[in-house]
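Shown below: run.txt, with compact mmCIF, C-alpha atoms and all ligand atoms.
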# COMPACT_ATOMS: atom_id res chain seq x y z
CA MET A 29 72.42 -38.79 175.22
CA GLN A 30 69.53 -36.32 175.46
CA ILE A 31 65.87 -36.87 176.22
CA ILE A 32 63.90 -34.10 174.54
CA ASN A 33 60.28 -33.00 175.00
CA ALA A 34 60.05 -34.67 178.39
CA ARG A 35 57.46 -33.85 181.01
CA LEU A 36 58.56 -34.09 184.61
CA ARG A 37 56.27 -34.73 187.56
CA GLN A 38 54.55 -31.70 189.08
CA LYS A 39 55.90 -29.38 186.37
CA PRO A 40 53.89 -28.05 183.42
CA GLU A 41 56.80 -27.27 181.03
CA LEU A 42 58.77 -29.45 178.61
CA PHE A 43 62.36 -30.36 179.48
CA THR A 44 65.54 -31.69 177.91
CA LEU A 45 67.50 -34.09 180.10
CA HIS A 46 71.21 -34.42 179.38
CA ILE A 47 73.00 -37.65 180.25
CA GLU A 48 76.76 -38.21 180.27
CA ASN A 49 78.68 -41.22 181.57
CA GLY A 50 75.46 -42.75 182.86
CA HIS A 51 74.50 -39.74 185.00
CA PHE A 52 72.15 -36.79 184.69
CA THR A 53 74.30 -33.74 183.93
CA LYS A 54 71.75 -31.07 183.00
CA ILE A 55 67.97 -30.64 183.17
CA GLU A 56 66.94 -27.79 180.90
CA LYS A 57 63.57 -26.11 180.55
CA GLN A 58 62.55 -25.92 176.85
CA ASP A 59 61.06 -22.98 175.05
CA GLY A 60 58.31 -24.93 173.24
CA THR A 61 58.50 -28.31 171.48
CA LEU A 62 61.80 -29.38 169.89
CA ALA A 63 62.18 -31.19 166.58
CA ASP A 64 64.02 -34.56 166.55
CA THR A 65 67.79 -34.17 166.73
CA SER A 66 70.07 -35.96 164.30
CA LEU A 67 71.98 -37.80 167.04
CA ASN A 68 70.81 -41.38 166.99
CA ASP A 69 70.92 -42.12 170.70
CA ASP A 70 68.71 -39.13 171.51
CA ILE A 71 65.16 -39.91 172.57
CA ASN A 72 62.05 -37.87 171.86
CA ALA A 73 59.67 -38.28 174.81
CA ASP A 74 56.90 -36.61 172.77
CA GLY A 75 55.49 -34.82 175.79
CA ASN A 76 55.19 -38.01 177.83
CA LEU A 77 56.19 -38.28 181.48
CA VAL A 78 59.77 -39.08 182.42
CA CYS A 79 59.59 -40.54 185.90
CA ALA A 80 61.95 -42.21 188.39
CA PRO A 81 61.82 -46.02 187.97
CA PHE A 82 59.04 -47.98 189.61
CA VAL A 83 60.05 -49.79 192.81
CA GLU A 84 58.52 -53.10 193.94
CA PRO A 85 59.03 -53.05 197.72
CA HIS A 86 57.16 -56.24 198.61
CA ILE A 87 57.09 -59.48 196.64
CA HIS A 88 57.80 -63.15 197.37
CA LEU A 89 60.05 -64.32 194.53
CA ASP A 90 60.65 -67.75 196.11
CA ALA A 91 56.93 -68.56 195.82
CA ALA A 92 56.13 -66.72 192.58
CA LEU A 93 54.63 -68.80 189.73
CA THR A 94 53.79 -71.83 191.92
CA ALA A 95 49.99 -71.49 192.15
CA GLY A 96 48.28 -74.89 192.11
CA GLU A 97 51.49 -76.82 192.86
CA PRO A 98 50.61 -79.31 194.19
CA GLU A 99 47.18 -77.99 195.22
CA TRP A 100 45.16 -74.81 194.75
CA ASN A 101 44.21 -72.51 197.60
CA GLN A 102 40.44 -73.01 197.46
CA SER A 103 39.33 -70.96 200.46
CA GLY A 104 41.35 -67.88 199.47
CA THR A 105 42.57 -67.31 203.04
CA LEU A 106 46.09 -66.35 204.05
CA PHE A 107 46.13 -69.43 206.26
CA GLU A 108 45.32 -71.90 203.48
CA GLY A 109 47.99 -70.13 201.42
CA ILE A 110 50.55 -70.87 204.14
CA GLU A 111 49.42 -74.52 204.17
CA ARG A 112 49.66 -74.87 200.35
CA TRP A 113 53.12 -73.27 200.39
CA SER A 114 54.28 -75.75 203.03
CA GLN A 115 53.31 -78.53 200.55
CA ARG A 116 55.38 -76.86 197.82
CA LYS A 117 58.44 -76.16 200.01
CA PRO A 118 59.89 -79.71 200.03
CA MET A 119 59.94 -79.57 196.18
CA LEU A 120 62.18 -76.46 196.11
CA ASN A 121 65.66 -76.53 194.62
CA GLU A 122 68.07 -73.90 193.36
CA ALA A 123 67.25 -74.29 189.65
CA ASP A 124 63.51 -74.14 190.31
CA ILE A 125 63.73 -70.95 192.42
CA ARG A 126 66.18 -69.27 190.02
CA LYS A 127 64.01 -69.93 186.98
CA ARG A 128 60.83 -68.60 188.55
CA ALA A 129 62.54 -65.63 190.23
CA LEU A 130 64.24 -64.63 186.96
CA SER A 131 61.01 -64.81 184.94
CA THR A 132 59.27 -62.70 187.58
CA ILE A 133 62.10 -60.15 187.64
CA GLU A 134 61.96 -60.00 183.84
CA LEU A 135 58.23 -59.30 184.01
CA LEU A 136 58.80 -56.54 186.55
CA VAL A 137 61.58 -54.97 184.45
CA GLN A 138 59.31 -55.02 181.39
CA ASN A 139 56.90 -52.97 183.46
CA GLY A 140 59.34 -50.30 184.58
CA VAL A 141 60.65 -51.70 187.86
CA GLN A 142 64.36 -51.23 188.67
CA ALA A 143 64.40 -52.02 192.41
CA ILE A 144 62.82 -54.97 194.20
CA ARG A 145 62.54 -56.10 197.82
CA THR A 146 61.78 -59.81 197.97
CA HIS A 147 60.93 -61.96 200.96
CA ALA A 148 62.64 -65.37 201.24
CA ASP A 149 61.20 -67.98 203.58
CA THR A 150 63.58 -68.96 206.39
CA THR A 151 61.33 -71.65 207.88
CA ASP A 152 63.00 -74.33 205.78
CA PRO A 153 65.99 -76.20 207.20
CA THR A 154 67.87 -75.96 203.86
CA LEU A 155 67.42 -72.15 203.55
CA ILE A 156 67.51 -72.72 199.78
CA GLY A 157 65.29 -69.68 199.10
CA VAL A 158 67.58 -67.32 201.02
CA ARG A 159 70.75 -68.78 199.44
CA THR A 160 69.38 -68.68 195.88
CA LEU A 161 67.91 -65.17 196.11
CA CYS A 162 71.03 -63.70 197.80
CA ALA A 163 73.18 -65.22 195.02
CA LEU A 164 70.84 -63.79 192.38
CA ARG A 165 71.01 -60.36 194.07
CA ASP A 166 74.82 -60.38 193.79
CA GLU A 167 74.74 -61.63 190.21
CA LEU A 168 72.25 -58.96 189.08
CA LYS A 169 73.75 -56.09 191.06
CA ASP A 170 74.62 -53.96 188.01
CA LYS A 171 71.22 -54.55 186.44
CA ILE A 172 68.75 -54.14 189.28
CA ASP A 173 68.64 -53.28 193.02
CA LEU A 174 67.46 -56.40 194.80
CA GLN A 175 67.00 -56.66 198.59
CA VAL A 176 66.34 -59.96 200.33
CA VAL A 177 64.22 -60.16 203.48
CA ALA A 178 64.77 -63.15 205.78
CA PHE A 179 61.11 -64.00 206.31
CA PRO A 180 60.04 -66.67 208.83
CA GLN A 181 56.77 -67.74 207.17
CA ASP A 182 55.82 -70.36 209.79
CA GLY A 183 56.89 -68.21 212.76
CA MET A 184 60.33 -67.26 214.02
CA LEU A 185 59.60 -68.66 217.50
CA SER A 186 56.81 -71.12 216.67
CA TYR A 187 58.73 -73.06 213.98
CA PRO A 188 61.39 -75.51 215.25
CA SER A 189 64.82 -73.76 215.24
CA GLY A 190 63.16 -70.72 213.65
CA LEU A 191 65.39 -68.23 215.45
CA LYS A 192 68.56 -70.16 214.57
CA LEU A 193 67.51 -70.28 210.91
CA MET A 194 66.81 -66.54 210.93
CA GLU A 195 70.30 -65.85 212.26
CA GLU A 196 71.81 -68.21 209.66
CA ALA A 197 69.93 -66.32 206.92
CA LEU A 198 71.48 -63.07 208.14
CA GLU A 199 74.93 -64.72 208.15
CA ILE A 200 74.30 -65.81 204.53
CA GLY A 201 73.65 -62.14 203.75
CA ALA A 202 69.94 -61.31 203.84
CA ASP A 203 69.59 -57.50 203.81
CA VAL A 204 66.46 -57.22 205.92
CA VAL A 205 65.11 -58.93 209.05
CA GLY A 206 61.50 -60.05 208.59
CA GLY A 207 58.86 -61.41 210.93
CA ILE A 208 55.26 -62.55 211.27
CA PRO A 209 54.15 -61.80 214.86
CA HIS A 210 50.41 -62.32 214.18
CA PHE A 211 51.11 -65.92 213.12
CA GLU A 212 53.21 -66.88 216.16
CA TYR A 213 51.29 -69.25 218.47
CA THR A 214 50.62 -66.65 221.17
CA ARG A 215 50.58 -62.89 221.66
CA GLU A 216 53.54 -63.30 223.99
CA LEU A 217 55.61 -65.08 221.33
CA GLY A 218 54.56 -62.42 218.81
CA GLU A 219 55.84 -59.62 221.04
CA LYS A 220 59.01 -61.52 221.86
CA SER A 221 59.62 -62.02 218.13
CA VAL A 222 59.35 -58.27 217.48
CA LYS A 223 61.92 -57.55 220.22
CA LEU A 224 64.27 -60.15 218.71
CA ILE A 225 63.81 -58.74 215.18
CA ILE A 226 64.98 -55.30 216.37
CA GLU A 227 67.89 -56.85 218.31
CA LEU A 228 69.01 -58.84 215.26
CA ALA A 229 68.74 -55.79 213.00
CA LYS A 230 71.01 -53.88 215.37
CA LYS A 231 73.46 -56.77 215.80
CA TYR A 232 73.83 -57.36 212.03
CA ASP A 233 73.19 -53.75 210.92
CA ARG A 234 70.23 -54.65 208.70
CA LEU A 235 66.87 -53.13 207.84
CA VAL A 236 63.55 -54.44 209.22
CA ASP A 237 60.38 -55.35 207.31
CA VAL A 238 57.73 -57.21 209.29
CA HIS A 239 54.56 -58.83 207.95
CA CYS A 240 52.59 -57.10 210.71
CA ASP A 241 48.99 -57.83 211.69
CA GLU A 242 48.03 -59.39 208.34
CA ILE A 243 44.71 -60.56 209.77
CA ASP A 244 41.20 -59.12 210.26
CA ASP A 245 41.46 -59.43 214.06
CA PRO A 246 41.09 -55.94 215.61
CA ASN A 247 42.97 -57.25 218.65
CA SER A 248 46.10 -57.95 216.62
CA ARG A 249 48.19 -54.97 217.77
CA PHE A 250 51.80 -55.86 217.06
CA LEU A 251 52.11 -52.65 215.04
CA GLU A 252 52.17 -50.48 218.19
CA PHE A 253 54.82 -52.78 219.63
CA LEU A 254 56.97 -52.58 216.49
CA ALA A 255 56.61 -48.79 216.18
CA CYS A 256 57.46 -48.30 219.86
CA GLU A 257 60.58 -50.50 219.59
CA ALA A 258 61.63 -48.58 216.46
CA LEU A 259 61.09 -45.27 218.28
CA PHE A 260 63.00 -46.25 221.42
CA HIS A 261 65.90 -47.61 219.35
CA ASP A 262 65.79 -44.54 217.10
CA MET A 263 65.64 -46.57 213.89
CA GLY A 264 62.23 -45.68 212.43
CA ASP A 265 63.57 -44.89 208.96
CA LYS A 266 65.00 -48.43 208.75
CA VAL A 267 61.79 -50.15 209.88
CA THR A 268 58.78 -51.10 207.76
CA ALA A 269 55.41 -52.55 208.67
CA SER A 270 53.94 -54.51 205.76
CA HIS A 271 50.23 -55.21 205.30
CA THR A 272 48.90 -54.00 208.73
CA THR A 273 45.46 -55.10 207.54
CA ALA A 274 44.13 -55.33 211.13
CA MET A 275 44.33 -51.51 211.15
CA HIS A 276 41.28 -51.62 208.85
CA SER A 277 39.37 -53.17 211.78
CA TYR A 278 40.77 -51.02 214.64
CA ASP A 279 38.26 -48.54 216.04
CA ASN A 280 38.83 -44.88 215.29
CA ALA A 281 39.56 -43.90 218.90
CA TYR A 282 42.41 -46.41 219.11
CA CYS A 283 43.68 -45.37 215.66
CA SER A 284 43.76 -41.75 216.71
CA LYS A 285 46.06 -42.61 219.61
CA LEU A 286 48.08 -45.06 217.48
CA PHE A 287 48.79 -42.53 214.71
CA ARG A 288 50.66 -40.26 217.16
CA LEU A 289 53.09 -43.09 217.86
CA LEU A 290 53.35 -44.03 214.17
CA LYS A 291 54.20 -40.46 213.25
CA ASN A 292 56.74 -40.08 216.08
CA SER A 293 58.40 -43.39 215.23
CA GLY A 294 59.00 -42.47 211.57
CA ILE A 295 58.43 -46.06 210.40
CA ASN A 296 57.42 -46.89 206.80
CA PHE A 297 54.33 -48.73 205.59
CA ILE A 298 53.73 -51.08 202.67
CA SER A 299 50.21 -51.94 201.59
CA CYS A 300 49.48 -54.65 199.03
CA PRO A 301 45.90 -53.74 198.05
CA THR A 302 45.28 -56.42 195.42
CA GLU A 303 46.51 -59.14 197.80
CA SER A 304 44.62 -57.84 200.83
CA ILE A 305 41.29 -57.26 199.06
CA HIS A 306 41.55 -60.93 198.02
CA LEU A 307 42.83 -62.56 201.25
CA GLN A 308 41.12 -60.47 203.93
CA GLY A 309 37.45 -60.39 204.90
CA ARG A 310 37.28 -64.14 204.26
CA PHE A 311 35.71 -64.90 207.64
CA ASP A 312 33.00 -62.24 207.17
CA THR A 313 29.61 -62.88 205.61
CA TYR A 314 27.98 -59.53 204.72
CA PRO A 315 28.87 -56.73 205.15
CA LYS A 316 32.43 -57.78 204.22
CA ARG A 317 35.41 -55.73 205.33
CA ARG A 318 37.85 -54.60 202.65
CA GLY A 319 40.77 -55.43 204.91
CA VAL A 320 43.19 -52.93 203.37
CA THR A 321 45.17 -50.76 205.78
CA ARG A 322 44.36 -47.04 206.13
CA VAL A 323 46.47 -45.82 203.21
CA LYS A 324 44.53 -42.59 202.75
CA GLU A 325 44.81 -41.64 206.41
CA LEU A 326 48.52 -42.56 206.58
CA ARG A 327 49.17 -40.32 203.56
CA GLU A 328 47.18 -37.49 205.09
CA ALA A 329 49.24 -37.82 208.28
CA ASN A 330 52.45 -37.54 206.20
CA ILE A 331 53.52 -41.04 207.18
CA ASN A 332 55.51 -42.81 204.47
CA VAL A 333 53.33 -45.36 202.71
CA CYS A 334 53.99 -47.26 199.50
CA LEU A 335 52.44 -50.12 197.52
CA GLY A 336 53.59 -53.60 196.52
CA GLN A 337 52.17 -56.55 194.60
CA ASP A 338 53.12 -59.22 197.19
CA SER A 339 52.36 -62.14 194.87
CA ILE A 340 52.34 -63.15 191.24
CA PHE A 341 50.56 -66.47 190.62
CA ASP A 342 51.43 -68.09 193.95
CA PRO A 343 49.57 -70.04 196.69
CA TRP A 344 48.12 -66.81 198.08
CA TYR A 345 47.14 -64.99 194.91
CA SER A 346 46.69 -66.55 191.49
CA LEU A 347 46.59 -63.43 189.30
CA GLY A 348 49.16 -60.61 188.97
CA ASN A 349 51.06 -59.30 185.95
CA GLY A 350 53.95 -57.20 187.21
CA LYS A 351 52.16 -53.90 186.60
CA LEU A 352 52.43 -51.55 189.57
CA LEU A 353 50.07 -49.09 187.83
CA ARG A 354 47.38 -51.74 188.29
CA THR A 355 48.23 -52.05 192.00
CA LEU A 356 48.02 -48.27 192.30
CA ASP A 357 44.66 -48.21 190.48
CA PHE A 358 43.29 -50.77 192.98
CA ALA A 359 44.60 -48.74 195.94
CA MET A 360 42.96 -45.53 194.69
CA HIS A 361 39.60 -47.33 194.43
CA ILE A 362 39.69 -49.50 197.56
CA CYS A 363 41.03 -46.76 199.84
CA GLN A 364 38.70 -44.14 198.29
CA MET A 365 41.52 -41.84 197.25
CA MET A 366 39.72 -40.41 194.24
CA GLY A 367 39.73 -36.70 194.93
CA TYR A 368 41.85 -34.41 192.74
CA LYS A 369 44.39 -33.91 195.57
CA ASP A 370 44.83 -37.70 195.85
CA TYR A 371 45.72 -37.97 192.15
CA GLU A 372 48.29 -35.19 192.03
CA SER A 373 51.04 -37.19 193.74
CA ALA A 374 49.67 -40.72 193.29
CA LEU A 375 52.85 -42.02 191.62
CA ASP A 376 54.77 -41.31 194.86
CA MET A 377 53.30 -44.54 196.21
CA ILE A 378 55.07 -46.70 193.59
CA THR A 379 58.24 -44.57 193.25
CA ASP A 380 59.65 -42.11 195.83
CA ASN A 381 57.86 -43.53 198.88
CA SER A 382 58.97 -47.07 198.05
CA ALA A 383 62.56 -45.88 197.48
CA LYS A 384 62.48 -44.26 200.93
CA THR A 385 61.15 -47.50 202.46
CA MET A 386 63.99 -49.47 200.85
CA CYS A 387 66.55 -46.78 201.87
CA LEU A 388 67.69 -46.58 198.22
CA GLU A 389 70.49 -44.10 197.63
CA ASN A 390 70.79 -41.72 194.65
CA TYR A 391 67.22 -42.40 193.55
CA GLY A 392 65.32 -39.85 191.48
CA ILE A 393 65.76 -37.53 188.52
CA LYS A 394 68.40 -35.12 189.83
CA ILE A 395 71.65 -33.74 188.46
CA GLY A 396 74.48 -36.01 189.61
CA ASN A 397 72.28 -39.08 190.14
CA PRO A 398 72.61 -42.19 187.95
CA ALA A 399 70.44 -41.75 184.85
CA ASN A 400 67.75 -44.24 185.89
CA PHE A 401 64.25 -43.46 184.66
CA ILE A 402 61.18 -44.69 182.83
CA LEU A 403 58.93 -43.12 180.20
CA LEU A 404 55.19 -43.33 180.85
CA GLU A 405 52.18 -42.71 178.59
CA GLY A 406 50.65 -39.49 179.95
CA PHE A 407 51.83 -36.06 181.02
CA ASP A 408 51.27 -36.08 184.79
CA ASP A 409 50.40 -38.45 187.66
CA TYR A 410 46.66 -38.17 187.04
CA SER A 411 46.77 -38.86 183.29
CA VAL A 412 49.23 -41.78 183.70
CA LEU A 413 46.99 -43.35 186.35
CA ARG A 414 43.85 -42.83 184.27
CA LYS A 415 45.31 -44.14 181.01
CA GLN A 416 46.82 -47.25 182.63
CA GLY A 417 49.17 -47.24 179.64
CA GLU A 418 52.30 -49.28 179.07
CA VAL A 419 55.79 -48.33 180.22
CA LEU A 420 57.45 -47.17 176.97
CA LEU A 421 61.08 -47.11 178.02
CA SER A 422 63.32 -48.01 180.94
CA VAL A 423 66.83 -46.55 181.15
CA ARG A 424 69.43 -47.53 183.73
CA HIS A 425 72.81 -45.79 184.05
CA GLY A 426 72.07 -44.17 180.70
CA GLU A 427 71.52 -47.53 178.92
CA ILE A 428 68.16 -48.61 177.51
CA ILE A 429 67.14 -51.82 179.29
CA MET A 430 63.58 -52.02 177.93
CA GLN A 431 61.80 -50.26 175.09
CA ARG A 432 58.27 -50.82 173.88
CA GLN A 433 56.36 -49.69 170.81
CA PRO A 434 52.98 -48.38 171.94
CA ALA A 435 50.07 -50.47 170.59
CA GLN A 436 48.18 -48.96 167.65
CA VAL A 437 44.54 -49.31 166.72
CA ILE A 438 44.52 -50.50 163.10
CA SER A 439 40.79 -50.73 162.37
CA LYS A 440 38.97 -47.63 161.17
CA PRO A 441 37.17 -45.89 164.04
CA TRP A 442 33.53 -46.98 163.49
CA ILE A 443 32.21 -43.53 164.32
CA SER A 444 33.81 -42.00 161.21
CA THR A 445 31.77 -44.36 158.99
CA ILE A 446 28.42 -43.06 160.21
N1 LIG A 501 53.03 -64.98 203.19
C1 LIG A 501 52.29 -64.25 204.05
O1 LIG A 501 52.36 -64.46 205.27
N2 LIG A 501 51.47 -63.31 203.58
C2 LIG A 501 51.37 -63.08 202.28
N3 LIG A 501 50.55 -62.12 201.85
C3 LIG A 501 52.15 -63.84 201.35
C4 LIG A 501 52.97 -64.78 201.85
C5 LIG A 501 52.03 -63.61 199.89
FE FE2 A 502 54.03 -60.64 201.87
Please go through the file and, once you have read it, give me the structure as structure tokens.
Ligand code: 17E
Ligand code: FE2
Amino acid sequence: MQIINARLRQKPELFTLHIENGHFTKIEKQDGTLADTSLNDDINADGNLVCAPFVEPHIHLDAALTAGEPEWNQSGTLFEGIERWSQRKPMLNEADIRKRALSTIELLVQNGVQAIRTHADTTDPTLIGVRTLCALRDELKDKIDLQVVAFPQDGMLSYPSGLKLMEEALEIGADVVGGIPHFEYTRELGEKSVKLIIELAKKYDRLVDVHCDEIDDPNSRFLEFLACEALFHDMGDKVTASHTTAMHSYDNAYCSKLFRLLKNSGINFISCPTESIHLQGRFDTYPKRRGVTRVKELREANINVCLGQDSIFDPWYSLGNGKLLRTLDFAMHICQMMGYKDYESALDMITDNSAKTMCLENYGIKIGNPANFILLEGFDDYSVLRKQGEVLLSVRHGEIIMQRQPAQVISKPWISTI
């Protein structure tokens, strides 16, 4: 298989990509545009961008597609979301979770995603979310990279037997230890939970991804605690802080000191800008805080930061369509990353940076790597972001897993009739 007339990120020329036995074998610079070949599995990229697959590093598949069941989140706060979800939890069963998770995965795949990190709530004595999503991960392992985070929604230390359930989830096979220190009853319990998360990750050899300071309280400072633990245990590359929305409300002097630790620790960040712009700032009148973490400043400090959707039609967020280009568009606006320099590598935040966060191996368009890629409308990061076009093609191990015909305008352009 060959992909001809392909653009690659940060390169002006056209390329031919050669694929054999599901792997990239040659990446060749072209001398001008090539005509279609006669081989029928060859693909003409037509000057569009061939890019590493999109990665969704933060979503809750156990809760996806449950908005309004049994009640809607009327206030739009994180806290009412948690309450609505606790009403839905007793209605969970394997078939229900599987059906919703599969439809959501399908939606993500249709939009160019090939790797997903999902949270699964452990504050449920049956652990049905963890069991079902771990089973699905194993079943889909040749089709998609799925990681499961054991996530204690109601608090690892504040929920009855929360710690025992977390350990059980890791025994079942969750890949990542999660946490929610800002929702534990006290600061002390929050800090204790972070220490335990790191201990469990070491004991079971797992990654860490904590919902950290997802609140507008400038005094919520579990991030420094998590980063310091990661630094002292020398495991920054395995640790992720999700949301960190309180960082929006920290003062600049504190942030300046904090960033030194963040940089030294090497931890990863995930921001979910559509979710946070909706859930945060809900206790403000005017002016209203945006409540999105400092993505621009993290990028400028060369700290790894990526973007996730968090929710699709669930008790926290009732919109969402699986399109990470939309999430990226929101981030560029909300975080005021609209200078030319910001655009040049914008796709990093939904591809390479997310792959680094998930510790994915053999990711990217390189000779010897599995031939996993997508085809995007546009010729570079900036034009893809601006067009907000559809993902045209998704190839995994050299096999087409999704192909889309671009939409065509069929009416006559009105301007030509004048
Ligand atoms: N749970 C939570 O604590 N925060 C969120 N943003 C979602 C679930 C979606
Ligand atoms: Fe989340």
*Just the residues within 10 Å of Ser131 in chain A, please, counting all atoms listed in the file, with nothing from its chain fewer than 6 positions along; format it as a ChimeraX atom specification.*
/A:89,92-93,137
*Using only C-alpha atoms and all ligand atoms, find each residue with an atom at most 10 Å away from ligand LIG 501 (chain A) and format the answer as a ChimeraX atom specification.*
/A:86-89,91-92,105-107,109-110,113,147-149,179-183,207-208,210-211,238-243,270-271,300,303-304,306-308,337-345
_Restricting the calculation to only C-alpha atoms and all ligand atoms: of A:His261, A:Lys291, A:Arg145, A:Lys57, which residue gets closest to ligand FE2 502 (chain A)?_
A:Arg145
*Selected residue, from A:Tyr187, A:Trp442, A:Tyr282, A:Phe407, that lies nearest to Glu252 in chain A when counting all atoms listed in the file*: A:Tyr282
*Near-range 325-330 of chain A list (9 Å; all atoms listed in the file; drop same-chain fewer than 3 positions) as a ChimeraX atom specification*: /A:287,291,297,321-322,333
_Long-range neighbours of Gly264 in chain A as a ChimeraX atom specification, 6 Å cut-off, only C-alpha atoms, 5 positions minimum in chain_ = /A:258-259,293-295
*Could you tell me which of A:Phe358, A:Leu191, A:Ala123, A:Val177 comes closest to ligand FE2 502 (chain A) if we count all atoms listed in the file?*
A:Val177
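Counting all atoms listed in the file, the residue from A:Ser346, A:Thr302, A:Asn400, A:Asn390 that sits nearest to Cys363 in chain A is A:Thr302.
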*Just give me the gap between CA of Arg414 in chain A and CA of Pro81 in chain A in Å, one decimal is fine.*
18.6 Å
*Determine, counting all atoms listed in the file, every residue of protein, DNA or RNA that lies within 12 Å of (64.0, -67.9, 201.1) in the file coordinates, then give the result as number ranges by chain.*
A: 87-92, 117, 120-122, 125-126, 129, 146-164, 175-181, 193-194, 196-198, 200-202, 204, 206
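Checking A:Gly309, A:Ile438, A:Asp237, A:His276 one by one against ligand FE2 502 (chain A), counting only C-alpha atoms and all ligand atoms, you find the shortest gap at A:Asp237.
Distance check against ligand FE2 502 (chain A) using only C-alpha atoms and all ligand atoms: of A:Gly96, A:Leu335, A:Ala229, A:Phe253, the minimum falls on A:Leu335.
In this model, the gap between CA of Ile305 in chain A and CA of Gln416 in chain A comes to 20.0 Å.
Residues in contact with Ile133 in chain A at 9 Å, where all atoms listed in the file are counted and same-chain residues fewer than 6 positions away are skipped, are listed as A:Leu89, A:Val141, A:Ile144, A:Gly350.
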*Around the point (58.5, -50.9, 213.1), in the coordinates given by the file, pick out the residues reaching within 6 Å, counting all atoms listed in the file, and return them as a PyMOL selection string.*
chain A and resi 254-255+258+267-269+295
*Tell me, as a PyMOL selection string, which residues lie within 10 Å of Ile428 in chain A, counting only C-alpha atoms; anything in the same chain fewer than 4 positions away does not count.*
chain A and resi 69+400-402+421-424
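Note that the spacing between CA of Cys334 in chain A and CA of Lys285 in chain A amounts to 22.1 Å.
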